[in-house]
$ cat my_file_32.pdb   # PDB, C-alpha atoms, pLDDT in the B column
ATOM      1  CA  MET A   1       5.511  13.946  17.622  1.00 87.00           C
ATOM      2  CA  ASP A   2       2.814  15.763  15.696  1.00 89.00           C
ATOM      3  CA  ALA A   3       5.343  18.209  14.222  1.00 90.00           C
ATOM      4  CA  LEU A   4       7.685  15.353  13.297  1.00 91.00           C
ATOM      5  CA  PHE A   5       4.903  13.599  11.367  1.00 93.00           C
ATOM      6  CA  ILE A   6       3.731  16.758   9.591  1.00 94.00           C
ATOM      7  CA  ILE A   7       7.010  18.553   8.800  1.00 95.00           C
ATOM      8  CA  PRO A   8       7.705  16.641   5.540  1.00 94.00           C
ATOM      9  CA  LEU A   9       4.532  18.246   4.155  1.00 91.00           C
ATOM     10  CA  ALA A  10       5.936  21.749   4.626  1.00 92.00           C
ATOM     11  CA  LEU A  11       9.529  21.084   3.576  1.00 92.00           C
ATOM     12  CA  PRO A  12      10.601  21.004  -0.073  1.00 91.00           C
ATOM     13  CA  PRO A  13      11.001  17.368  -1.175  1.00 90.00           C
ATOM     14  CA  THR A  14      14.706  17.876  -1.885  1.00 90.00           C
ATOM     15  CA  VAL A  15      15.209  18.957   1.737  1.00 93.00           C
ATOM     16  CA  VAL A  16      13.411  15.813   2.895  1.00 93.00           C
ATOM     17  CA  GLY A  17      15.613  13.814   0.526  1.00 91.00           C
ATOM     18  CA  TYR A  18      18.739  15.437   1.920  1.00 92.00           C
ATOM     19  CA  LEU A  19      17.660  14.683   5.487  1.00 91.00           C
ATOM     20  CA  LEU A  20      16.953  11.068   4.484  1.00 91.00           C
ATOM     21  CA  LEU A  21      20.396  10.974   2.894  1.00 88.00           C
ATOM     22  CA  LEU A  22      21.869  12.042   6.230  1.00 86.00           C
ATOM     23  CA  VAL A  23      19.814   9.454   8.151  1.00 85.00           C
ATOM     24  CA  LEU A  24      20.465   6.612   5.724  1.00 84.00           C
ATOM     25  CA  GLY A  25      23.999   7.644   4.719  1.00 77.00           C
ATOM     26  CA  ARG A  26      27.076   5.583   5.433  1.00 71.00           C
ATOM     27  CA  THR A  27      28.010   7.449   8.625  1.00 71.00           C
ATOM     28  CA  ASP A  28      24.627   7.164  10.336  1.00 72.00           C
ATOM     29  CA  PRO A  29      24.291   4.445  13.018  1.00 75.00           C
ATOM     30  CA  LEU A  30      21.106   3.114  11.390  1.00 73.00           C
ATOM     31  CA  ALA A  31      22.822   2.769   8.015  1.00 72.00           C
ATOM     32  CA  ARG A  32      25.866   1.118   9.617  1.00 75.00           C
ATOM     33  CA  ALA A  33      23.636  -1.383  11.410  1.00 77.00           C
ATOM     34  CA  LEU A  34      21.818  -2.187   8.156  1.00 74.00           C
ATOM     35  CA  SER A  35      25.105  -2.561   6.267  1.00 74.00           C
ATOM     36  CA  ASN A  36      26.308  -5.036   8.915  1.00 76.00           C
ATOM     37  CA  TRP A  37      23.370  -7.200   7.833  1.00 79.00           C
ATOM     38  CA  GLY A  38      24.259  -6.689   4.176  1.00 74.00           C
ATOM     39  CA  ILE A  39      21.439  -4.236   3.536  1.00 74.00           C
ATOM     40  CA  SER A  40      22.203  -1.122   1.535  1.00 75.00           C
ATOM     41  CA  VAL A  41      19.289   1.281   1.273  1.00 81.00           C
ATOM     42  CA  LEU A  42      20.689   4.200  -0.701  1.00 85.00           C
ATOM     43  CA  PHE A  43      20.282   4.062  -4.478  1.00 86.00           C
ATOM     44  CA  SER A  44      18.076   0.991  -4.297  1.00 85.00           C
ATOM     45  CA  TRP A  45      14.422   0.187  -4.858  1.00 85.00           C
ATOM     46  CA  PRO A  46      13.641   0.389  -1.102  1.00 85.00           C
ATOM     47  CA  ALA A  47      14.991   3.964  -1.168  1.00 87.00           C
ATOM     48  CA  THR A  48      12.263   4.942  -3.641  1.00 90.00           C
ATOM     49  CA  VAL A  49       9.633   3.488  -1.314  1.00 90.00           C
ATOM     50  CA  ILE A  50      11.120   5.226   1.733  1.00 90.00           C
ATOM     51  CA  ALA A  51      11.272   8.597  -0.044  1.00 92.00           C
ATOM     52  CA  ALA A  52       7.707   8.382  -1.347  1.00 93.00           C
ATOM     53  CA  THR A  53       6.399   7.194   2.019  1.00 94.00           C
ATOM     54  CA  VAL A  54       8.106   9.901   4.061  1.00 94.00           C
ATOM     55  CA  VAL A  55       6.957  12.684   1.729  1.00 94.00           C
ATOM     56  CA  ALA A  56       3.365  11.376   1.440  1.00 94.00           C
ATOM     57  CA  PHE A  57       2.851  10.195   5.028  1.00 95.00           C
ATOM     58  CA  PRO A  58       1.697  13.580   6.428  1.00 96.00           C
ATOM     59  CA  LEU A  59      -1.374  13.536   4.182  1.00 94.00           C
ATOM     60  CA  MET A  60      -2.403  10.117   5.443  1.00 95.00           C
ATOM     61  CA  TYR A  61      -1.591  11.018   9.025  1.00 96.00           C
ATOM     62  CA  LEU A  62      -3.620  14.246   9.008  1.00 95.00           C
ATOM     63  CA  ALA A  63      -6.663  12.614   7.404  1.00 94.00           C
ATOM     64  CA  ALA A  64      -6.520   9.595   9.716  1.00 95.00           C
ATOM     65  CA  ARG A  65      -6.023  11.746  12.804  1.00 96.00           C
ATOM     66  CA  GLY A  66      -8.983  13.906  11.831  1.00 95.00           C
ATOM     67  CA  ALA A  67     -11.150  10.845  11.237  1.00 95.00           C
ATOM     68  CA  VAL A  68     -10.223   9.302  14.587  1.00 96.00           C
ATOM     69  CA  GLU A  69     -10.901  12.596  16.373  1.00 96.00           C
ATOM     70  CA  GLN A  70     -14.377  12.696  14.802  1.00 96.00           C
ATOM     71  CA  VAL A  71     -15.417   9.350  16.297  1.00 96.00           C
ATOM     72  CA  ASN A  72     -18.054   9.905  18.947  1.00 96.00           C
ATOM     73  CA  PRO A  73     -16.311   9.265  22.291  1.00 95.00           C
ATOM     74  CA  SER A  74     -19.481   7.772  23.760  1.00 96.00           C
ATOM     75  CA  TYR A  75     -19.005   4.684  21.540  1.00 96.00           C
ATOM     76  CA  GLN A  76     -15.485   4.231  22.879  1.00 96.00           C
ATOM     77  CA  GLN A  77     -16.651   4.766  26.445  1.00 96.00           C
ATOM     78  CA  ALA A  78     -19.425   2.212  25.973  1.00 96.00           C
ATOM     79  CA  ALA A  79     -16.881  -0.347  24.782  1.00 95.00           C
ATOM     80  CA  ARG A  80     -14.676   0.345  27.807  1.00 95.00           C
ATOM     81  CA  THR A  81     -17.600  -0.042  30.231  1.00 95.00           C
ATOM     82  CA  LEU A  82     -18.315  -3.404  28.623  1.00 95.00           C
ATOM     83  CA  GLY A  83     -14.763  -4.474  29.512  1.00 96.00           C
ATOM     84  CA  ALA A  84     -12.939  -3.829  26.232  1.00 95.00           C
ATOM     85  CA  SER A  85      -9.265  -2.917  26.523  1.00 96.00           C
ATOM     86  CA  GLU A  86      -7.873   0.189  24.850  1.00 95.00           C
ATOM     87  CA  TRP A  87      -6.492  -1.912  21.976  1.00 96.00           C
ATOM     88  CA  ARG A  88      -9.748  -3.777  21.503  1.00 96.00           C
ATOM     89  CA  THR A  89     -11.682  -0.508  21.621  1.00 96.00           C
ATOM     90  CA  PHE A  90      -9.377   0.958  18.982  1.00 96.00           C
ATOM     91  CA  TRP A  91      -9.525  -2.049  16.634  1.00 96.00           C
ATOM     92  CA  ARG A  92     -13.225  -2.889  17.097  1.00 96.00           C
ATOM     93  CA  VAL A  93     -14.817   0.555  17.547  1.00 96.00           C
ATOM     94  CA  THR A  94     -12.606   3.515  16.661  1.00 96.00           C
ATOM     95  CA  LEU A  95     -10.931   2.228  13.508  1.00 95.00           C
ATOM     96  CA  PRO A  96     -14.095   0.866  11.847  1.00 95.00           C
ATOM     97  CA  LEU A  97     -15.858   4.194  12.483  1.00 95.00           C
ATOM     98  CA  ALA A  98     -12.857   6.203  11.253  1.00 95.00           C
ATOM     99  CA  TRP A  99     -12.149   3.874   8.309  1.00 92.00           C
ATOM    100  CA  PRO A 100     -13.502   6.157   5.528  1.00 89.00           C
ATOM    101  CA  GLY A 101     -11.178   8.969   6.661  1.00 91.00           C
ATOM    102  CA  VAL A 102      -8.235   6.607   6.992  1.00 92.00           C
ATOM    103  CA  LEU A 103      -8.908   5.297   3.486  1.00 88.00           C
ATOM    104  CA  ALA A 104      -9.229   8.828   2.119  1.00 87.00           C
ATOM    105  CA  GLY A 105      -5.871   9.699   3.670  1.00 91.00           C
ATOM    106  CA  THR A 106      -4.333   6.581   2.182  1.00 89.00           C
ATOM    107  CA  VAL A 107      -5.592   7.498  -1.285  1.00 85.00           C
ATOM    108  CA  LEU A 108      -4.253  11.054  -0.892  1.00 86.00           C
ATOM    109  CA  ALA A 109      -0.902   9.700   0.242  1.00 91.00           C
ATOM    110  CA  PHE A 110      -0.808   7.252  -2.668  1.00 87.00           C
ATOM    111  CA  ALA A 111      -1.534  10.062  -5.117  1.00 84.00           C
ATOM    112  CA  ARG A 112       1.192  12.210  -3.567  1.00 88.00           C
ATOM    113  CA  ALA A 113       3.669   9.335  -3.510  1.00 88.00           C
ATOM    114  CA  LEU A 114       2.967   8.604  -7.166  1.00 83.00           C
ATOM    115  CA  GLY A 115       4.259  12.053  -8.062  1.00 84.00           C
ATOM    116  CA  GLU A 116       7.245  12.107  -5.706  1.00 87.00           C
ATOM    117  CA  PHE A 117      10.346  13.432  -7.413  1.00 87.00           C
ATOM    118  CA  GLY A 118      12.775  15.417  -5.249  1.00 87.00           C
ATOM    119  CA  ALA A 119      13.355  13.118  -2.287  1.00 89.00           C
ATOM    120  CA  THR A 120      13.428  10.058  -4.561  1.00 88.00           C
ATOM    121  CA  LEU A 121      16.111  11.559  -6.769  1.00 89.00           C
ATOM    122  CA  MET A 122      18.178  12.462  -3.690  1.00 89.00           C
ATOM    123  CA  ILE A 123      18.289   9.020  -2.038  1.00 88.00           C
ATOM    124  CA  ALA A 124      17.474   6.604  -4.853  1.00 88.00           C
ATOM    125  CA  GLY A 125      18.900   8.247  -7.935  1.00 87.00           C
ATOM    126  CA  ASN A 126      17.573   7.506 -11.391  1.00 87.00           C
ATOM    127  CA  ILE A 127      18.742   4.045 -12.328  1.00 87.00           C
ATOM    128  CA  PRO A 128      16.501   2.777 -15.165  1.00 85.00           C
ATOM    129  CA  GLY A 129      14.943  -0.561 -14.319  1.00 84.00           C
ATOM    130  CA  ARG A 130      16.046  -0.280 -10.698  1.00 86.00           C
ATOM    131  CA  THR A 131      15.135   3.018  -9.018  1.00 87.00           C
ATOM    132  CA  GLN A 132      13.526   5.004 -11.815  1.00 88.00           C
ATOM    133  CA  THR A 133       9.989   6.117 -10.940  1.00 89.00           C
ATOM    134  CA  LEU A 134       7.394   7.543 -13.322  1.00 88.00           C
ATOM    135  CA  PRO A 135       8.089  11.200 -12.440  1.00 90.00           C
ATOM    136  CA  LEU A 136      11.825  10.635 -12.911  1.00 91.00           C
ATOM    137  CA  ALA A 137      11.240   8.851 -16.215  1.00 91.00           C
ATOM    138  CA  ILE A 138       9.073  11.743 -17.428  1.00 93.00           C
ATOM    139  CA  PHE A 139      11.618  14.361 -16.388  1.00 92.00           C
ATOM    140  CA  PHE A 140      14.632  12.636 -17.904  1.00 93.00           C
ATOM    141  CA  ALA A 141      12.792  11.714 -21.117  1.00 94.00           C
ATOM    142  CA  ALA A 142      11.715  15.352 -21.575  1.00 95.00           C
ATOM    143  CA  GLU A 143      15.195  16.591 -20.681  1.00 93.00           C
ATOM    144  CA  ALA A 144      16.666  14.309 -23.349  1.00 94.00           C
ATOM    145  CA  GLY A 145      14.169  15.657 -25.904  1.00 95.00           C
ATOM    146  CA  ASN A 146      12.248  12.387 -26.135  1.00 95.00           C
ATOM    147  CA  MET A 147       8.826  14.029 -25.873  1.00 96.00           C
ATOM    148  CA  ASP A 148       6.924  10.995 -27.199  1.00 96.00           C
ATOM    149  CA  GLN A 149       8.341   8.801 -24.431  1.00 95.00           C
ATOM    150  CA  ALA A 150       7.614  11.521 -21.842  1.00 95.00           C
ATOM    151  CA  LEU A 151       4.028  11.768 -23.104  1.00 96.00           C
ATOM    152  CA  ALA A 152       3.623   7.994 -22.870  1.00 96.00           C
ATOM    153  CA  TRP A 153       4.762   8.047 -19.227  1.00 94.00           C
ATOM    154  CA  VAL A 154       2.466  11.006 -18.524  1.00 94.00           C
ATOM    155  CA  LEU A 155      -0.510   9.128 -19.979  1.00 95.00           C
ATOM    156  CA  ILE A 156       0.327   6.059 -17.884  1.00 93.00           C
ATOM    157  CA  THR A 157       0.538   8.224 -14.758  1.00 89.00           C
ATOM    158  CA  VAL A 158      -2.757   9.962 -15.543  1.00 91.00           C
ATOM    159  CA  GLY A 159      -4.357   6.558 -16.195  1.00 91.00           C
ATOM    160  CA  ILE A 160      -3.190   5.080 -12.891  1.00 86.00           C
ATOM    161  CA  THR A 161      -4.362   8.160 -11.018  1.00 83.00           C
ATOM    162  CA  ALA A 162      -7.740   8.232 -12.786  1.00 87.00           C
ATOM    163  CA  VAL A 163      -8.355   4.556 -12.010  1.00 87.00           C
ATOM    164  CA  ALA A 164      -7.392   5.019  -8.349  1.00 80.00           C
ATOM    165  CA  VAL A 165      -9.626   8.080  -7.912  1.00 80.00           C
ATOM    166  CA  THR A 166     -12.533   6.407  -9.735  1.00 85.00           C
ATOM    167  CA  LEU A 167     -12.260   3.280  -7.583  1.00 81.00           C
ATOM    168  CA  PHE A 168     -12.091   5.394  -4.434  1.00 75.00           C
ATOM    169  CA  ASN A 169     -15.111   7.481  -5.441  1.00 78.00           C
ATOM    170  CA  THR A 170     -17.111   4.385  -6.391  1.00 80.00           C
ATOM    171  CA  TRP A 171     -16.257   2.694  -3.111  1.00 71.00           C
ATOM    172  CA  GLY A 172     -17.095   5.894  -1.200  1.00 66.00           C
ATOM    173  CA  ARG A 173     -20.532   6.175  -2.807  1.00 71.00           C
ATOM    174  CA  ARG A 174     -21.342   2.538  -2.088  1.00 68.00           C
ATOM    175  CA  ALA A 175     -20.180   2.859   1.514  1.00 60.00           C
ATOM    176  CA  GLN A 176     -22.427   5.889   2.029  1.00 59.00           C
ATOM    177  CA  LEU A 177     -25.612   4.455   0.505  1.00 52.00           C
ATOM    178  CA  PRO A 178     -26.861   2.554   3.576  1.00 51.00           C
ATOM    179  CA  GLY A 179     -26.214   5.570   5.803  1.00 51.00           C
ATOM    180  CA  ARG A 180     -28.147   7.879   3.460  1.00 48.00           C
ATOM    181  CA  ALA A 181     -31.148   5.568   3.390  1.00 44.00           C
ATOM    182  CA  ALA A 182     -31.141   5.287   7.199  1.00 43.00           C
ATOM    183  CA  ARG A 183     -30.991   9.071   7.606  1.00 46.00           C
ATOM    184  CA  ARG A 184     -33.969   9.590   5.295  1.00 43.00           C
ATOM    185  CA  ALA A 185     -36.141   7.049   7.109  1.00 42.00           C
TER     186      ALA A 185
END
$ encode --input "my_file_32.pdb" --output "structure tokens"
Amino acid sequence: MDALFIIPLALPPTVVGYLLLLVLGRTDPLARALSNWGISVLFSWPATVIAATVVAFPLMYLAARGAVEQVNPSYQQAARTLGASEWRTFWRVTLPLAWPGVLAGTVLAFARALGEFGATLMIAGNIPGRTQTLPLAIFFAAEAGNMDQALAWVLITVGITAVAVTLFNTWGRRAQLPGRAARRA
């Protein structure tokens, strides 16, 4: 399972997009089942979300896994000896202690998903107003010679990323302050 979760990180995004095209294509059982319910994924807005999620997920998974592995097992064992189930131990002990790493992974995945291009183009296309993402808009504006429009999209992307990173860093510093004061005392 570990390799399955991490492999999209190592593959070129167009390869991931092609594999998603095979999985979500008209001949795949999953796609046929969805089409029976009137749901068409390819070349739709959900396809952009699927592509970005699949390509970015390994970053979140690796950071979250590392954070969970760093939780002191004695806390989990203490919860179990007090009668907590595995689920309760996970939700009440492990996840709160691993939360900063999980959040860091989520921010990394968001940043990666924001720049997703290859897989998105493969399964969602570039339909303005429907499946066009910022990286696709930048690429096609520059390709058409509309450098002012491309620059505007670039500035919007840089702005969104800067705000997200600033908010994450601010939250991270505030979350660490009580721990720093306790360590000094």
$ atom_distance --input "my_file_32.pdb" --atom1 "CA of Ala113 in chain A" --atom2 "CA of Asn169 in chain A"
19.0 Å
$ resolve_selection --input "my_file_32.pdb" --expression "the PyMOL selection byres ((chain A and resi 118-126) around 6)" --output "JSON, numbers by chain"
{"A": [13, 14, 16, 17, 21, 42, 43, 44, 47, 48, 51, 117, 127, 131, 132]}
$ write_last_selection --input "my_file_32.pdb" --atoms "C-alpha atoms" --output "PDB file, in the coordinates of the input"
ATOM      1  CA  PRO A  13      11.001  17.368  -1.175  1.00 90.00           C
ATOM      2  CA  THR A  14      14.706  17.876  -1.885  1.00 90.00           C
ATOM      3  CA  VAL A  16      13.411  15.813   2.895  1.00 93.00           C
ATOM      4  CA  GLY A  17      15.613  13.814   0.526  1.00 91.00           C
ATOM      5  CA  LEU A  21      20.396  10.974   2.894  1.00 88.00           C
ATOM      6  CA  LEU A  42      20.689   4.200  -0.701  1.00 85.00           C
ATOM      7  CA  PHE A  43      20.282   4.062  -4.478  1.00 86.00           C
ATOM      8  CA  SER A  44      18.076   0.991  -4.297  1.00 85.00           C
ATOM      9  CA  ALA A  47      14.991   3.964  -1.168  1.00 87.00           C
ATOM     10  CA  THR A  48      12.263   4.942  -3.641  1.00 90.00           C
ATOM     11  CA  ALA A  51      11.272   8.597  -0.044  1.00 92.00           C
ATOM     12  CA  PHE A 117      10.346  13.432  -7.413  1.00 87.00           C
ATOM     13  CA  ILE A 127      18.742   4.045 -12.328  1.00 87.00           C
ATOM     14  CA  THR A 131      15.135   3.018  -9.018  1.00 87.00           C
ATOM     15  CA  GLN A 132      13.526   5.004 -11.815  1.00 88.00           C
TER      16      GLN A 132
END
$ resolve_selection --input "my_file_32.pdb" --expression "the PyMOL selection byres ((chain A and resi 68) around 10)" --output "ChimeraX atom specification"
/A:62-67,69-73,90,94-99,101-102
$ atom_distance --input "my_file_32.pdb" --atom1 "CA of Ala150 in chain A" --atom2 "CA of Thr133 in chain A"
12.4 Å
$ atom_distance --input "my_file_32.pdb" --atom1 "CA of Trp91 in chain A" --atom2 "CA of Phe57 in chain A"
20.9 Å
$ closest_residue --input "my_file_32.pdb" --among "A:Phe140, A:Trp87, A:Tyr61, A:Phe110" --to "Ala164 in chain A" --atoms "all atoms listed in the file"
A:Phe110
$ residues_near_point --input "my_file_32.pdb" --point "(2.2, 9.8, -2.4)" --cutoff "12 Å" --atoms "only C-alpha atoms" --output "JSON, numbers by chain"
{"A": [8, 9, 13, 48, 49, 50, 51, 52, 53, 54, 55, 56, 57, 58, 59, 60, 105, 106, 107, 108, 109, 110, 111, 112, 113, 114, 115, 116, 117, 119, 120, 135, 161]}
$ closest_residue --input "my_file_32.pdb" --among "A:Val93, A:Ala152, A:Ala3, A:Ala162" --to "Gln76 in chain A" --atoms "only C-alpha atoms"
A:Val93
$ residues_around --input "my_file_32.pdb" --residues "Ala142 in chain A" --least-positions-apart "5" --cutoff "12 Å" --atoms "only C-alpha atoms" --output "list of chain:residue names"
A:Pro135, A:Leu136, A:Ala137, A:Met147, A:Asp148, A:Gln149, A:Ala150, A:Leu151, A:Ala152, A:Trp153, A:Val154
$ decode --input "my_file_32.pdb" --residues "range 5-32 of chain A" --atoms "N, CA and C atoms" --output "mmCIF file, in the first residue's frame"
data_model
loop_
_atom_site.group_PDB
_atom_site.id
_atom_site.type_symbol
_atom_site.label_atom_id
_atom_site.label_comp_id
_atom_site.auth_asym_id
_atom_site.auth_seq_id
_atom_site.Cartn_x
_atom_site.Cartn_y
_atom_site.Cartn_z
ATOM 1 N N PHE A 5 0.624 4.535 -2.535
ATOM 2 C CA PHE A 5 0.384 5.917 -2.112
ATOM 3 C C PHE A 5 1.494 6.865 -2.542
ATOM 4 N N ILE A 6 2.719 6.346 -2.667
ATOM 5 C CA ILE A 6 3.870 7.205 -2.948
ATOM 6 C C ILE A 6 4.210 7.291 -4.433
ATOM 7 N N ILE A 7 3.839 6.313 -5.228
ATOM 8 C CA ILE A 7 4.264 6.259 -6.629
ATOM 9 C C ILE A 7 3.882 7.503 -7.454
ATOM 10 N N PRO A 8 2.751 8.171 -7.208
ATOM 11 C CA PRO A 8 2.478 9.371 -8.007
ATOM 12 C C PRO A 8 3.515 10.479 -7.820
ATOM 13 N N LEU A 9 4.259 10.434 -6.717
ATOM 14 C CA LEU A 9 5.311 11.425 -6.485
ATOM 15 C C LEU A 9 6.481 11.220 -7.436
ATOM 16 N N ALA A 10 6.774 9.969 -7.763
ATOM 17 C CA ALA A 10 7.921 9.651 -8.607
ATOM 18 C C ALA A 10 7.596 9.659 -10.098
ATOM 19 N N LEU A 11 6.344 9.449 -10.439
ATOM 20 C CA LEU A 11 5.960 9.399 -11.854
ATOM 21 C C LEU A 11 5.775 10.809 -12.419
ATOM 22 N N PRO A 12 6.064 11.004 -13.690
ATOM 23 C CA PRO A 12 5.728 12.286 -14.321
ATOM 24 C C PRO A 12 4.206 12.502 -14.258
ATOM 25 N N PRO A 13 3.766 13.724 -14.038
ATOM 26 C CA PRO A 13 2.325 13.979 -13.941
ATOM 27 C C PRO A 13 1.521 13.523 -15.160
ATOM 28 N N THR A 14 2.107 13.576 -16.344
ATOM 29 C CA THR A 14 1.367 13.105 -17.519
ATOM 30 C C THR A 14 1.145 11.598 -17.467
ATOM 31 N N VAL A 15 2.075 10.855 -16.875
ATOM 32 C CA VAL A 15 1.889 9.415 -16.712
ATOM 33 C C VAL A 15 0.757 9.163 -15.720
ATOM 34 N N VAL A 16 0.737 9.912 -14.635
ATOM 35 C CA VAL A 16 -0.356 9.792 -13.666
ATOM 36 C C VAL A 16 -1.678 10.127 -14.345
ATOM 37 N N GLY A 17 -1.680 11.185 -15.160
ATOM 38 C CA GLY A 17 -2.885 11.559 -15.887
ATOM 39 C C GLY A 17 -3.341 10.469 -16.834
ATOM 40 N N TYR A 18 -2.398 9.843 -17.513
ATOM 41 C CA TYR A 18 -2.749 8.753 -18.428
ATOM 42 C C TYR A 18 -3.349 7.579 -17.665
ATOM 43 N N LEU A 19 -2.732 7.238 -16.529
ATOM 44 C CA LEU A 19 -3.271 6.139 -15.717
ATOM 45 C C LEU A 19 -4.674 6.481 -15.197
ATOM 46 N N LEU A 20 -4.883 7.726 -14.802
ATOM 47 C CA LEU A 20 -6.221 8.155 -14.373
ATOM 48 C C LEU A 20 -7.201 8.081 -15.543
ATOM 49 N N LEU A 21 -6.722 8.408 -16.723
ATOM 50 C CA LEU A 21 -7.560 8.309 -17.920
ATOM 51 C C LEU A 21 -7.989 6.866 -18.147
ATOM 52 N N LEU A 22 -7.076 5.927 -17.917
ATOM 53 C CA LEU A 22 -7.415 4.514 -18.045
ATOM 54 C C LEU A 22 -8.431 4.089 -16.978
ATOM 55 N N VAL A 23 -8.219 4.559 -15.747
ATOM 56 C CA VAL A 23 -9.105 4.174 -14.633
ATOM 57 C C VAL A 23 -10.482 4.820 -14.766
ATOM 58 N N LEU A 24 -10.507 6.048 -15.219
ATOM 59 C CA LEU A 24 -11.785 6.774 -15.304
ATOM 60 C C LEU A 24 -12.370 6.792 -16.707
ATOM 61 N N GLY A 25 -11.701 6.132 -17.660
ATOM 62 C CA GLY A 25 -12.174 6.104 -19.041
ATOM 63 C C GLY A 25 -13.462 5.325 -19.197
ATOM 64 N N ARG A 26 -14.011 5.387 -20.367
ATOM 65 C CA ARG A 26 -15.336 4.794 -20.625
ATOM 66 C C ARG A 26 -15.369 3.273 -20.491
ATOM 67 N N THR A 27 -14.231 2.601 -20.674
ATOM 68 C CA THR A 27 -14.235 1.142 -20.625
ATOM 69 C C THR A 27 -13.956 0.579 -19.233
ATOM 70 N N ASP A 28 -13.569 1.417 -18.299
ATOM 71 C CA ASP A 28 -13.275 0.947 -16.952
ATOM 72 C C ASP A 28 -14.571 0.683 -16.183
ATOM 73 N N PRO A 29 -14.607 -0.387 -15.377
ATOM 74 C CA PRO A 29 -15.825 -0.690 -14.603
ATOM 75 C C PRO A 29 -16.265 0.450 -13.685
ATOM 76 N N LEU A 30 -15.300 1.151 -13.079
ATOM 77 C CA LEU A 30 -15.655 2.278 -12.211
ATOM 78 C C LEU A 30 -16.357 3.374 -13.010
ATOM 79 N N ALA A 31 -15.806 3.701 -14.172
ATOM 80 C CA ALA A 31 -16.406 4.741 -15.010
ATOM 81 C C ALA A 31 -17.777 4.321 -15.518
ATOM 82 N N ARG A 32 -17.925 3.034 -15.857
ATOM 83 C CA ARG A 32 -19.244 2.550 -16.314
ATOM 84 C C ARG A 32 -20.276 2.636 -15.198
#
